file target.cif (mmCIF, N, CA and C atoms)
data_target
loop_
_atom_site.label_atom_id
_atom_site.label_comp_id
_atom_site.auth_asym_id
_atom_site.auth_seq_id
_atom_site.Cartn_x
_atom_site.Cartn_y
_atom_site.Cartn_z
N MET A 621 12.09 0.17 -17.99
CA MET A 621 11.96 -0.67 -16.81
C MET A 621 10.55 -0.56 -16.26
N ASN A 622 10.12 -1.61 -15.59
CA ASN A 622 8.82 -1.64 -14.93
C ASN A 622 9.03 -2.23 -13.55
N LEU A 623 8.50 -1.55 -12.54
CA LEU A 623 8.62 -2.07 -11.17
C LEU A 623 7.81 -3.34 -11.04
N ASN A 624 8.47 -4.42 -10.70
CA ASN A 624 7.83 -5.72 -10.58
C ASN A 624 7.19 -5.91 -9.21
N GLN A 625 7.98 -5.74 -8.17
CA GLN A 625 7.47 -5.98 -6.83
C GLN A 625 8.25 -5.18 -5.81
N VAL A 626 7.63 -5.05 -4.67
CA VAL A 626 8.27 -4.51 -3.48
C VAL A 626 8.17 -5.62 -2.43
N THR A 627 9.25 -5.84 -1.68
CA THR A 627 9.25 -6.84 -0.63
C THR A 627 9.42 -6.13 0.71
N VAL A 628 8.55 -6.47 1.66
CA VAL A 628 8.63 -5.87 2.99
C VAL A 628 8.86 -6.96 4.03
N PRO A 629 9.59 -6.61 5.09
CA PRO A 629 9.82 -7.57 6.17
C PRO A 629 8.62 -7.64 7.11
N SER A 630 8.46 -8.79 7.76
CA SER A 630 7.37 -8.98 8.70
C SER A 630 7.79 -9.94 9.80
N MET A 631 7.29 -9.68 10.99
CA MET A 631 7.50 -10.60 12.11
C MET A 631 6.48 -11.74 12.09
N ASN A 632 5.38 -11.53 11.36
CA ASN A 632 4.31 -12.53 11.27
C ASN A 632 3.71 -12.43 9.88
N VAL A 633 4.22 -13.23 8.96
CA VAL A 633 3.82 -13.15 7.56
C VAL A 633 2.34 -13.46 7.37
N GLU A 634 1.82 -14.42 8.10
CA GLU A 634 0.40 -14.77 7.93
C GLU A 634 -0.51 -13.61 8.33
N ARG A 635 -0.19 -12.96 9.43
CA ARG A 635 -0.98 -11.80 9.88
C ARG A 635 -0.92 -10.68 8.83
N SER A 636 0.27 -10.44 8.29
CA SER A 636 0.42 -9.41 7.27
C SER A 636 -0.32 -9.78 5.99
N LYS A 637 -0.24 -11.06 5.61
CA LYS A 637 -0.97 -11.53 4.43
C LYS A 637 -2.45 -11.26 4.59
N ASP A 638 -3.00 -11.60 5.74
CA ASP A 638 -4.43 -11.38 5.99
C ASP A 638 -4.79 -9.90 5.86
N PHE A 639 -3.93 -9.03 6.38
CA PHE A 639 -4.16 -7.59 6.31
C PHE A 639 -4.21 -7.11 4.85
N TYR A 640 -3.22 -7.51 4.05
CA TYR A 640 -3.17 -7.05 2.67
C TYR A 640 -4.27 -7.66 1.80
N VAL A 641 -4.70 -8.87 2.13
CA VAL A 641 -5.85 -9.46 1.44
C VAL A 641 -7.10 -8.65 1.76
N GLN A 642 -7.23 -8.20 3.01
CA GLN A 642 -8.36 -7.34 3.38
C GLN A 642 -8.34 -6.04 2.60
N LEU A 643 -7.14 -5.52 2.30
CA LEU A 643 -7.03 -4.29 1.51
C LEU A 643 -7.46 -4.51 0.06
N GLY A 644 -7.42 -5.77 -0.40
CA GLY A 644 -7.87 -6.06 -1.76
C GLY A 644 -6.83 -6.72 -2.64
N LEU A 645 -5.63 -7.02 -2.11
CA LEU A 645 -4.62 -7.70 -2.90
C LEU A 645 -4.95 -9.20 -2.96
N LYS A 646 -4.47 -9.86 -4.01
CA LYS A 646 -4.76 -11.28 -4.24
C LYS A 646 -3.50 -12.12 -3.98
N LEU A 647 -3.64 -13.14 -3.16
CA LEU A 647 -2.53 -14.04 -2.86
C LEU A 647 -2.18 -14.86 -4.10
N ILE A 648 -0.91 -14.83 -4.53
CA ILE A 648 -0.49 -15.62 -5.70
C ILE A 648 0.64 -16.59 -5.38
N VAL A 649 1.38 -16.38 -4.28
CA VAL A 649 2.40 -17.34 -3.83
C VAL A 649 2.23 -17.50 -2.33
N ASP A 650 2.06 -18.75 -1.90
CA ASP A 650 1.87 -19.03 -0.47
C ASP A 650 2.96 -19.97 0.00
N ALA A 651 3.96 -19.42 0.65
CA ALA A 651 5.04 -20.21 1.24
C ALA A 651 5.10 -19.92 2.74
N LEU A 652 3.91 -19.87 3.35
CA LEU A 652 3.83 -19.61 4.79
C LEU A 652 4.59 -20.69 5.56
N PRO A 653 5.23 -20.35 6.63
CA PRO A 653 5.15 -19.09 7.35
C PRO A 653 6.24 -18.09 6.98
N ARG A 654 7.04 -18.39 5.94
CA ARG A 654 8.21 -17.56 5.65
C ARG A 654 8.00 -16.49 4.58
N TYR A 655 7.07 -16.70 3.65
CA TYR A 655 6.99 -15.80 2.49
C TYR A 655 5.62 -15.90 1.82
N VAL A 656 5.12 -14.77 1.35
CA VAL A 656 3.95 -14.73 0.48
C VAL A 656 4.16 -13.63 -0.55
N ARG A 657 3.44 -13.77 -1.65
CA ARG A 657 3.46 -12.74 -2.68
C ARG A 657 2.02 -12.47 -3.08
N LEU A 658 1.69 -11.19 -3.18
CA LEU A 658 0.33 -10.77 -3.50
C LEU A 658 0.34 -9.89 -4.74
N GLU A 659 -0.74 -9.96 -5.47
CA GLU A 659 -0.88 -9.20 -6.71
C GLU A 659 -1.86 -8.05 -6.48
N CYS A 660 -1.51 -6.88 -6.97
CA CYS A 660 -2.43 -5.75 -6.89
C CYS A 660 -3.59 -5.99 -7.84
N PRO A 661 -4.79 -5.54 -7.48
CA PRO A 661 -5.95 -5.80 -8.32
C PRO A 661 -5.91 -5.07 -9.67
N ASP A 662 -5.15 -4.02 -9.76
CA ASP A 662 -5.00 -3.27 -11.01
C ASP A 662 -3.52 -3.20 -11.37
N GLY A 663 -3.20 -3.31 -12.64
CA GLY A 663 -1.80 -3.23 -13.06
C GLY A 663 -1.08 -4.54 -12.87
N ASP A 664 0.25 -4.48 -12.91
CA ASP A 664 1.07 -5.68 -12.84
C ASP A 664 1.93 -5.76 -11.59
N SER A 665 1.81 -4.83 -10.68
CA SER A 665 2.68 -4.80 -9.50
C SER A 665 2.30 -5.88 -8.49
N THR A 666 3.31 -6.35 -7.78
CA THR A 666 3.09 -7.33 -6.71
C THR A 666 3.80 -6.86 -5.45
N LEU A 667 3.36 -7.42 -4.33
CA LEU A 667 3.94 -7.14 -3.03
C LEU A 667 4.34 -8.46 -2.40
N SER A 668 5.58 -8.56 -1.98
CA SER A 668 6.05 -9.75 -1.28
C SER A 668 6.27 -9.41 0.19
N ILE A 669 6.04 -10.40 1.02
CA ILE A 669 6.26 -10.26 2.46
C ILE A 669 7.13 -11.42 2.90
N HIS A 670 8.23 -11.12 3.58
CA HIS A 670 9.12 -12.20 4.04
C HIS A 670 9.36 -12.07 5.54
N ILE A 671 9.60 -13.21 6.15
CA ILE A 671 9.78 -13.28 7.59
C ILE A 671 11.15 -12.74 8.00
N VAL A 672 11.18 -12.04 9.11
CA VAL A 672 12.43 -11.59 9.73
C VAL A 672 12.34 -11.86 11.22
N ASP A 673 13.50 -11.97 11.85
CA ASP A 673 13.53 -12.19 13.30
C ASP A 673 13.22 -10.92 14.07
N GLN A 674 13.58 -9.77 13.49
CA GLN A 674 13.25 -8.50 14.12
C GLN A 674 13.19 -7.42 13.06
N LEU A 675 12.38 -6.42 13.33
CA LEU A 675 12.25 -5.29 12.41
C LEU A 675 13.23 -4.22 12.82
N GLY A 676 13.75 -3.50 11.85
CA GLY A 676 14.60 -2.36 12.15
C GLY A 676 13.79 -1.27 12.83
N SER A 677 14.46 -0.38 13.52
CA SER A 677 13.74 0.68 14.24
C SER A 677 13.11 1.67 13.28
N ASN A 678 13.65 1.79 12.08
CA ASN A 678 13.09 2.70 11.09
C ASN A 678 13.36 2.12 9.71
N THR A 679 12.39 1.39 9.18
CA THR A 679 12.60 0.74 7.89
C THR A 679 12.56 1.72 6.74
N GLY A 680 11.89 2.86 6.93
CA GLY A 680 11.80 3.84 5.86
C GLY A 680 10.89 3.42 4.73
N ILE A 681 10.11 2.38 4.93
CA ILE A 681 9.23 1.88 3.88
C ILE A 681 7.90 2.62 3.93
N THR A 682 7.47 3.13 2.79
CA THR A 682 6.13 3.68 2.63
C THR A 682 5.56 3.09 1.36
N LEU A 683 4.40 2.45 1.46
CA LEU A 683 3.74 1.85 0.32
C LEU A 683 2.55 2.70 -0.08
N TYR A 684 2.46 3.02 -1.35
CA TYR A 684 1.35 3.81 -1.89
C TYR A 684 0.49 2.90 -2.75
N PHE A 685 -0.81 2.93 -2.50
CA PHE A 685 -1.77 2.19 -3.32
C PHE A 685 -2.81 3.18 -3.82
N GLU A 686 -2.96 3.26 -5.14
CA GLU A 686 -3.92 4.20 -5.72
C GLU A 686 -5.26 3.51 -5.92
N HIS A 687 -6.33 4.26 -5.64
CA HIS A 687 -7.68 3.74 -5.85
C HIS A 687 -8.56 4.88 -6.36
N ASP A 688 -9.24 4.64 -7.49
CA ASP A 688 -10.06 5.68 -8.11
C ASP A 688 -11.23 6.11 -7.24
N GLN A 689 -11.76 5.22 -6.44
CA GLN A 689 -12.87 5.52 -5.55
C GLN A 689 -12.37 5.52 -4.10
N LEU A 690 -11.39 6.38 -3.83
CA LEU A 690 -10.68 6.36 -2.55
C LEU A 690 -11.61 6.47 -1.35
N ASP A 691 -12.49 7.43 -1.35
CA ASP A 691 -13.34 7.62 -0.17
C ASP A 691 -14.22 6.40 0.10
N ASP A 692 -14.75 5.79 -0.96
CA ASP A 692 -15.55 4.58 -0.79
C ASP A 692 -14.69 3.43 -0.25
N LYS A 693 -13.46 3.30 -0.78
CA LYS A 693 -12.56 2.23 -0.33
C LYS A 693 -12.20 2.40 1.15
N VAL A 694 -11.90 3.62 1.54
CA VAL A 694 -11.55 3.89 2.95
C VAL A 694 -12.74 3.55 3.84
N LYS A 695 -13.94 3.94 3.45
CA LYS A 695 -15.13 3.63 4.23
C LYS A 695 -15.30 2.12 4.37
N ASP A 696 -15.15 1.38 3.24
CA ASP A 696 -15.28 -0.08 3.28
C ASP A 696 -14.25 -0.70 4.21
N LEU A 697 -13.00 -0.22 4.16
CA LEU A 697 -11.95 -0.77 5.02
C LEU A 697 -12.22 -0.44 6.49
N LYS A 698 -12.70 0.75 6.76
CA LYS A 698 -13.05 1.11 8.15
C LYS A 698 -14.16 0.19 8.65
N ASP A 699 -15.12 -0.11 7.77
CA ASP A 699 -16.20 -1.03 8.15
C ASP A 699 -15.67 -2.43 8.47
N LEU A 700 -14.53 -2.80 7.89
CA LEU A 700 -13.90 -4.09 8.18
C LEU A 700 -13.03 -4.04 9.43
N GLY A 701 -12.90 -2.85 10.03
CA GLY A 701 -12.11 -2.72 11.25
C GLY A 701 -10.71 -2.20 11.04
N ILE A 702 -10.35 -1.81 9.83
CA ILE A 702 -9.01 -1.24 9.56
C ILE A 702 -8.99 0.18 10.14
N THR A 703 -7.92 0.49 10.88
CA THR A 703 -7.77 1.79 11.52
C THR A 703 -6.89 2.70 10.66
N PHE A 704 -7.36 3.91 10.45
CA PHE A 704 -6.60 4.92 9.69
C PHE A 704 -6.08 5.98 10.64
N GLU A 705 -5.01 6.64 10.22
CA GLU A 705 -4.42 7.74 10.99
C GLU A 705 -5.02 9.04 10.48
N GLY A 706 -5.87 9.65 11.24
CA GLY A 706 -6.48 10.90 10.81
C GLY A 706 -7.57 10.66 9.78
N THR A 707 -7.86 11.71 9.02
CA THR A 707 -8.92 11.64 8.02
C THR A 707 -8.34 11.67 6.62
N THR A 708 -9.15 11.30 5.65
CA THR A 708 -8.76 11.40 4.25
C THR A 708 -8.74 12.89 3.90
N GLU A 709 -7.65 13.31 3.24
CA GLU A 709 -7.55 14.74 2.96
C GLU A 709 -6.86 15.02 1.63
N ASP A 710 -7.18 16.20 1.09
CA ASP A 710 -6.54 16.67 -0.13
C ASP A 710 -5.20 17.29 0.24
N LYS A 711 -4.16 16.93 -0.52
CA LYS A 711 -2.81 17.42 -0.25
C LYS A 711 -2.42 18.52 -1.25
N PRO A 712 -1.44 19.36 -0.88
CA PRO A 712 -1.02 20.44 -1.78
C PRO A 712 -0.42 19.92 -3.10
N TRP A 713 0.04 18.67 -3.13
CA TRP A 713 0.61 18.11 -4.35
C TRP A 713 -0.47 17.48 -5.23
N LEU A 714 -1.74 17.81 -4.93
CA LEU A 714 -2.90 17.46 -5.76
C LEU A 714 -3.29 15.99 -5.69
N TRP A 715 -2.95 15.34 -4.59
CA TRP A 715 -3.39 13.98 -4.34
C TRP A 715 -4.36 14.00 -3.16
N ARG A 716 -5.30 13.07 -3.14
CA ARG A 716 -6.16 12.85 -1.98
C ARG A 716 -5.61 11.60 -1.30
N GLU A 717 -5.36 11.67 0.01
CA GLU A 717 -4.66 10.59 0.71
C GLU A 717 -5.35 10.19 2.01
N ALA A 718 -5.17 8.91 2.33
CA ALA A 718 -5.56 8.35 3.63
C ALA A 718 -4.38 7.53 4.13
N HIS A 719 -3.96 7.75 5.37
CA HIS A 719 -2.77 7.11 5.93
C HIS A 719 -3.15 6.04 6.95
N LEU A 720 -2.38 4.95 6.93
CA LEU A 720 -2.55 3.86 7.89
C LEU A 720 -1.25 3.08 8.00
N LYS A 721 -1.21 2.14 8.92
CA LYS A 721 -0.03 1.28 9.08
C LYS A 721 -0.46 -0.17 8.97
N ASP A 722 0.46 -1.00 8.43
CA ASP A 722 0.18 -2.43 8.38
C ASP A 722 0.51 -3.04 9.74
N PRO A 723 0.28 -4.34 9.94
CA PRO A 723 0.52 -4.94 11.26
C PRO A 723 1.96 -4.84 11.76
N ASP A 724 2.94 -4.65 10.86
CA ASP A 724 4.33 -4.51 11.29
C ASP A 724 4.75 -3.05 11.42
N GLY A 725 3.80 -2.13 11.25
CA GLY A 725 4.10 -0.71 11.42
C GLY A 725 4.58 0.00 10.18
N HIS A 726 4.57 -0.66 9.02
CA HIS A 726 4.97 0.00 7.78
C HIS A 726 3.90 1.01 7.38
N GLN A 727 4.33 2.17 6.94
CA GLN A 727 3.41 3.23 6.54
C GLN A 727 2.78 2.91 5.20
N LEU A 728 1.45 3.01 5.13
CA LEU A 728 0.71 2.85 3.88
C LEU A 728 -0.04 4.14 3.61
N ILE A 729 -0.11 4.50 2.34
CA ILE A 729 -0.91 5.63 1.93
C ILE A 729 -1.80 5.17 0.79
N LEU A 730 -3.09 5.22 1.02
CA LEU A 730 -4.05 4.98 -0.04
C LEU A 730 -4.35 6.34 -0.62
N PHE A 731 -4.35 6.44 -1.95
CA PHE A 731 -4.48 7.76 -2.55
C PHE A 731 -5.23 7.72 -3.86
N LYS A 732 -5.65 8.90 -4.27
CA LYS A 732 -6.21 9.12 -5.60
C LYS A 732 -5.51 10.34 -6.17
N ALA A 733 -4.87 10.16 -7.30
CA ALA A 733 -4.14 11.27 -7.92
C ALA A 733 -4.55 11.51 -9.36
N GLY A 734 -5.08 10.48 -10.00
CA GLY A 734 -5.46 10.64 -11.40
C GLY A 734 -4.29 11.08 -12.25
N GLU A 735 -4.53 12.03 -13.11
CA GLU A 735 -3.50 12.54 -14.03
C GLU A 735 -2.30 13.13 -13.27
N ASN A 736 -2.54 13.65 -12.06
CA ASN A 736 -1.46 14.28 -11.30
C ASN A 736 -0.46 13.30 -10.72
N ARG A 737 -0.76 11.99 -10.79
CA ARG A 737 0.17 11.00 -10.25
C ARG A 737 1.52 11.08 -10.96
N LYS A 738 1.50 11.14 -12.27
CA LYS A 738 2.75 11.22 -13.03
C LYS A 738 2.89 12.51 -13.82
N ASN A 739 1.82 13.28 -13.87
CA ASN A 739 1.85 14.51 -14.68
C ASN A 739 1.31 15.71 -13.93
N PRO A 740 1.94 16.06 -12.79
CA PRO A 740 1.48 17.26 -12.09
C PRO A 740 1.83 18.50 -12.92
N PRO A 741 1.21 19.63 -12.63
CA PRO A 741 1.49 20.84 -13.38
C PRO A 741 2.97 21.24 -13.35
N TRP A 742 3.72 20.82 -12.34
CA TRP A 742 5.14 21.18 -12.20
C TRP A 742 6.09 20.09 -12.72
N ARG A 743 5.57 19.13 -13.48
CA ARG A 743 6.40 18.05 -14.02
C ARG A 743 7.54 18.64 -14.86
N VAL A 744 8.71 18.04 -14.74
CA VAL A 744 9.87 18.43 -15.54
C VAL A 744 9.63 17.99 -16.98
N VAL A 745 9.82 18.91 -17.90
CA VAL A 745 9.64 18.62 -19.32
C VAL A 745 11.00 18.48 -19.96
N ASP A 746 11.16 17.41 -20.74
CA ASP A 746 12.46 17.18 -21.42
C ASP A 746 12.71 18.24 -22.46
#
call {"tool": "encode", "arguments": {"input": "target.cif", "output": "structure tokens"}}
result
Amino acid sequence: MNLNQVTVPSMNVERSKDFYVQLGLKLIVDALPRYVRLECPDGDSTLSIHIVDQLGSNTGITLYFEHDQLDDKVKDLKDLGITFEGTTEDKPWLWREAHLKDPDGHQLILFKAGENRKNPPWRVVD
């Protein structure tokens, strides 16, 4: 299996589309104001955003986007006015992460993990 897409709810799809385009995703389906689909610049994954009347109090959604030049990407996004929560930091699970929220409050983590993304030293071996 291959993960095709993740769909997130939004109170304002156009505002969310603009945010994710700023992050670097490419718009591939435009059915505003109800739905959009964006393609990640690397790989085959896509992100869909659909309109809802209200957001749940805790959606539990966290989106991870990997970038090989994480620190440069975070700096570029900050220069565009994107606000991050705290600083970019190295985590004990061997990833470097920067945290932020999209316009609807969904948690995003931009990260760099390299080989440790799927093959950390503690990976289960068959």
call {"tool": "resolve_selection", "arguments": {"input": "target.cif", "expression": "the PyMOL selection byres (((chain A and resi 694 and name CA) around 12) and name CA)", "output": "mmCIF file with N, CA and C atoms, keeping the file's coordinate frame"}}
result
data_model
loop_
_atom_site.group_PDB
_atom_site.id
_atom_site.type_symbol
_atom_site.label_atom_id
_atom_site.label_comp_id
_atom_site.auth_asym_id
_atom_site.auth_seq_id
_atom_site.Cartn_x
_atom_site.Cartn_y
_atom_site.Cartn_z
ATOM 1 N N GLN A 642 -7.230 -8.200 3.010
ATOM 2 C CA GLN A 642 -8.360 -7.340 3.380
ATOM 3 C C GLN A 642 -8.340 -6.040 2.600
ATOM 4 N N LEU A 643 -7.140 -5.520 2.300
ATOM 5 C CA LEU A 643 -7.030 -4.290 1.510
ATOM 6 C C LEU A 643 -7.460 -4.510 0.060
ATOM 7 N N GLY A 644 -7.420 -5.770 -0.400
ATOM 8 C CA GLY A 644 -7.870 -6.060 -1.760
ATOM 9 C C GLY A 644 -6.830 -6.720 -2.640
ATOM 10 N N PHE A 685 -0.810 2.930 -2.500
ATOM 11 C CA PHE A 685 -1.770 2.190 -3.320
ATOM 12 C C PHE A 685 -2.810 3.180 -3.820
ATOM 13 N N GLU A 686 -2.960 3.260 -5.140
ATOM 14 C CA GLU A 686 -3.920 4.200 -5.720
ATOM 15 C C GLU A 686 -5.260 3.510 -5.920
ATOM 16 N N HIS A 687 -6.330 4.260 -5.640
ATOM 17 C CA HIS A 687 -7.680 3.740 -5.850
ATOM 18 C C HIS A 687 -8.560 4.880 -6.360
ATOM 19 N N ASP A 688 -9.240 4.640 -7.490
ATOM 20 C CA ASP A 688 -10.060 5.680 -8.110
ATOM 21 C C ASP A 688 -11.230 6.110 -7.240
ATOM 22 N N GLN A 689 -11.760 5.220 -6.440
ATOM 23 C CA GLN A 689 -12.870 5.520 -5.550
ATOM 24 C C GLN A 689 -12.370 5.520 -4.100
ATOM 25 N N LEU A 690 -11.390 6.380 -3.830
ATOM 26 C CA LEU A 690 -10.680 6.360 -2.550
ATOM 27 C C LEU A 690 -11.610 6.470 -1.350
ATOM 28 N N ASP A 691 -12.490 7.430 -1.350
ATOM 29 C CA ASP A 691 -13.340 7.620 -0.170
ATOM 30 C C ASP A 691 -14.220 6.400 0.100
ATOM 31 N N ASP A 692 -14.750 5.790 -0.960
ATOM 32 C CA ASP A 692 -15.550 4.580 -0.790
ATOM 33 C C ASP A 692 -14.690 3.430 -0.250
ATOM 34 N N LYS A 693 -13.460 3.300 -0.780
ATOM 35 C CA LYS A 693 -12.560 2.230 -0.330
ATOM 36 C C LYS A 693 -12.200 2.400 1.150
ATOM 37 N N LYS A 695 -13.940 3.940 3.450
ATOM 38 C CA LYS A 695 -15.130 3.630 4.230
ATOM 39 C C LYS A 695 -15.300 2.120 4.370
ATOM 40 N N ASP A 696 -15.150 1.380 3.240
ATOM 41 C CA ASP A 696 -15.280 -0.080 3.280
ATOM 42 C C ASP A 696 -14.250 -0.700 4.210
ATOM 43 N N LEU A 697 -13.000 -0.220 4.160
ATOM 44 C CA LEU A 697 -11.950 -0.770 5.020
ATOM 45 C C LEU A 697 -12.220 -0.440 6.490
ATOM 46 N N LYS A 698 -12.700 0.750 6.760
ATOM 47 C CA LYS A 698 -13.050 1.110 8.150
ATOM 48 C C LYS A 698 -14.160 0.190 8.650
ATOM 49 N N ASP A 699 -15.120 -0.110 7.770
ATOM 50 C CA ASP A 699 -16.200 -1.030 8.150
ATOM 51 C C ASP A 699 -15.670 -2.430 8.470
ATOM 52 N N LEU A 700 -14.530 -2.800 7.890
ATOM 53 C CA LEU A 700 -13.900 -4.090 8.180
ATOM 54 C C LEU A 700 -13.030 -4.040 9.430
ATOM 55 N N GLY A 701 -12.900 -2.850 10.030
ATOM 56 C CA GLY A 701 -12.110 -2.720 11.250
ATOM 57 C C GLY A 701 -10.710 -2.200 11.040
ATOM 58 N N ILE A 702 -10.350 -1.810 9.830
ATOM 59 C CA ILE A 702 -9.010 -1.240 9.560
ATOM 60 C C ILE A 702 -8.990 0.180 10.140
ATOM 61 N N THR A 703 -7.920 0.490 10.880
ATOM 62 C CA THR A 703 -7.770 1.790 11.520
ATOM 63 C C THR A 703 -6.890 2.700 10.660
ATOM 64 N N PHE A 704 -7.360 3.910 10.450
ATOM 65 C CA PHE A 704 -6.600 4.920 9.690
ATOM 66 C C PHE A 704 -6.080 5.980 10.640
ATOM 67 N N GLU A 705 -5.010 6.640 10.220
ATOM 68 C CA GLU A 705 -4.420 7.740 10.990
ATOM 69 C C GLU A 705 -5.020 9.040 10.480
ATOM 70 N N GLY A 706 -5.870 9.650 11.240
ATOM 71 C CA GLY A 706 -6.480 10.900 10.810
ATOM 72 C C GLY A 706 -7.570 10.660 9.780
ATOM 73 N N THR A 707 -7.860 11.710 9.020
ATOM 74 C CA THR A 707 -8.920 11.640 8.020
ATOM 75 C C THR A 707 -8.340 11.670 6.620
ATOM 76 N N THR A 708 -9.150 11.300 5.650
ATOM 77 C CA THR A 708 -8.760 11.400 4.250
ATOM 78 C C THR A 708 -8.740 12.890 3.900
ATOM 79 N N GLU A 709 -7.650 13.310 3.240
ATOM 80 C CA GLU A 709 -7.550 14.740 2.960
ATOM 81 C C GLU A 709 -6.860 15.020 1.630
ATOM 82 N N ARG A 716 -5.300 13.070 -3.140
ATOM 83 C CA ARG A 716 -6.160 12.850 -1.980
ATOM 84 C C ARG A 716 -5.610 11.600 -1.300
ATOM 85 N N GLU A 717 -5.360 11.670 0.010
ATOM 86 C CA GLU A 717 -4.660 10.590 0.710
ATOM 87 C C GLU A 717 -5.350 10.190 2.010
ATOM 88 N N ALA A 718 -5.170 8.910 2.330
ATOM 89 C CA ALA A 718 -5.560 8.350 3.630
ATOM 90 C C ALA A 718 -4.380 7.530 4.130
ATOM 91 N N HIS A 719 -3.960 7.750 5.370
ATOM 92 C CA HIS A 719 -2.770 7.110 5.930
ATOM 93 C C HIS A 719 -3.150 6.040 6.950
ATOM 94 N N LEU A 720 -2.380 4.950 6.930
ATOM 95 C CA LEU A 720 -2.550 3.860 7.890
ATOM 96 C C LEU A 720 -1.250 3.080 8.000
ATOM 97 N N ILE A 729 -0.110 4.500 2.340
ATOM 98 C CA ILE A 729 -0.910 5.630 1.930
ATOM 99 C C ILE A 729 -1.800 5.170 0.790
ATOM 100 N N LEU A 730 -3.090 5.220 1.020
ATOM 101 C CA LEU A 730 -4.050 4.980 -0.040
ATOM 102 C C LEU A 730 -4.350 6.340 -0.620
ATOM 103 N N PHE A 731 -4.350 6.440 -1.950
ATOM 104 C CA PHE A 731 -4.480 7.760 -2.550
ATOM 105 C C PHE A 731 -5.230 7.720 -3.860
ATOM 106 N N LYS A 732 -5.650 8.900 -4.270
ATOM 107 C CA LYS A 732 -6.210 9.120 -5.600
ATOM 108 C C LYS A 732 -5.510 10.340 -6.170
#
call {"tool": "select_by_dssp", "arguments": {"input": "target.cif", "residues": "chain A", "states": "strand (DSSP E)", "output": "NGL selection string"}}
result
:A and (625-630 or 646-651 or 655-659 or 666-671 or 682-686 or 705-710 or 716-721 or 727-732)
call {"tool": "resolve_selection", "arguments": {"input": "target.cif", "expression": "the PyMOL selection byres (((chain A and resi 646-662 and name CA) around 12) and name CA)", "output": "VMD selection string"}}
result
chain A and resid 624 to 645 663 to 673 684 to 688
call {"tool": "atom_distance", "arguments": {"input": "target.cif", "atom1": "atom CA of A:Gln674", "atom2": "atom CA of A:Asp724"}}
result
10.2 Å
call {"tool": "closest_residue", "arguments": {"input": "target.cif", "among": "A:Gly734, A:Pro740, A:Gly680, A:Gly725", "to": "A:Pro712", "atoms": "only C-alpha atoms"}}
result
A:Pro740
call {"tool": "build_atoms", "arguments": {"input": "target.cif", "residues": "stretch 704-708 of chain A", "atoms": "all heavy atoms", "output": "mmCIF file, keeping the file's coordinate frame"}}
result
data_model
loop_
_atom_site.group_PDB
_atom_site.id
_atom_site.type_symbol
_atom_site.label_atom_id
_atom_site.label_comp_id
_atom_site.auth_asym_id
_atom_site.auth_seq_id
_atom_site.Cartn_x
_atom_site.Cartn_y
_atom_site.Cartn_z
ATOM 1 N N PHE A 704 -7.360 3.910 10.450
ATOM 2 C CA PHE A 704 -6.600 4.920 9.690
ATOM 3 C C PHE A 704 -6.080 5.980 10.640
ATOM 4 O O PHE A 704 -6.634 6.204 11.725
ATOM 5 C CB PHE A 704 -7.504 5.554 8.621
ATOM 6 C CG PHE A 704 -7.729 4.664 7.440
ATOM 7 C CD1 PHE A 704 -8.666 3.642 7.497
ATOM 8 C CD2 PHE A 704 -7.005 4.832 6.275
ATOM 9 C CE1 PHE A 704 -8.870 2.805 6.413
ATOM 10 C CE2 PHE A 704 -7.203 4.003 5.190
ATOM 11 C CZ PHE A 704 -8.137 2.988 5.253
ATOM 12 N N GLU A 705 -5.010 6.640 10.220
ATOM 13 C CA GLU A 705 -4.420 7.740 10.990
ATOM 14 C C GLU A 705 -5.020 9.040 10.480
ATOM 15 O O GLU A 705 -4.692 9.475 9.382
ATOM 16 C CB GLU A 705 -2.902 7.750 10.813
ATOM 17 C CG GLU A 705 -2.223 6.474 11.258
ATOM 18 C CD GLU A 705 -0.758 6.425 10.873
ATOM 19 O OE1 GLU A 705 -0.335 7.141 9.938
ATOM 20 O OE2 GLU A 705 -0.033 5.653 11.508
ATOM 21 N N GLY A 706 -5.870 9.650 11.240
ATOM 22 C CA GLY A 706 -6.480 10.900 10.810
ATOM 23 C C GLY A 706 -7.570 10.660 9.780
ATOM 24 O O GLY A 706 -8.112 9.563 9.658
ATOM 25 N N THR A 707 -7.860 11.710 9.020
ATOM 26 C CA THR A 707 -8.920 11.640 8.020
ATOM 27 C C THR A 707 -8.340 11.670 6.620
ATOM 28 O O THR A 707 -7.191 12.052 6.407
ATOM 29 C CB THR A 707 -9.894 12.829 8.187
ATOM 30 O OG1 THR A 707 -9.158 14.048 7.993
ATOM 31 C CG2 THR A 707 -10.537 12.842 9.562
ATOM 32 N N THR A 708 -9.150 11.300 5.650
ATOM 33 C CA THR A 708 -8.760 11.400 4.250
ATOM 34 C C THR A 708 -8.740 12.890 3.900
ATOM 35 O O THR A 708 -9.660 13.620 4.241
ATOM 36 C CB THR A 708 -9.773 10.655 3.364
ATOM 37 O OG1 THR A 708 -9.869 9.311 3.832
ATOM 38 C CG2 THR A 708 -9.330 10.639 1.917
#
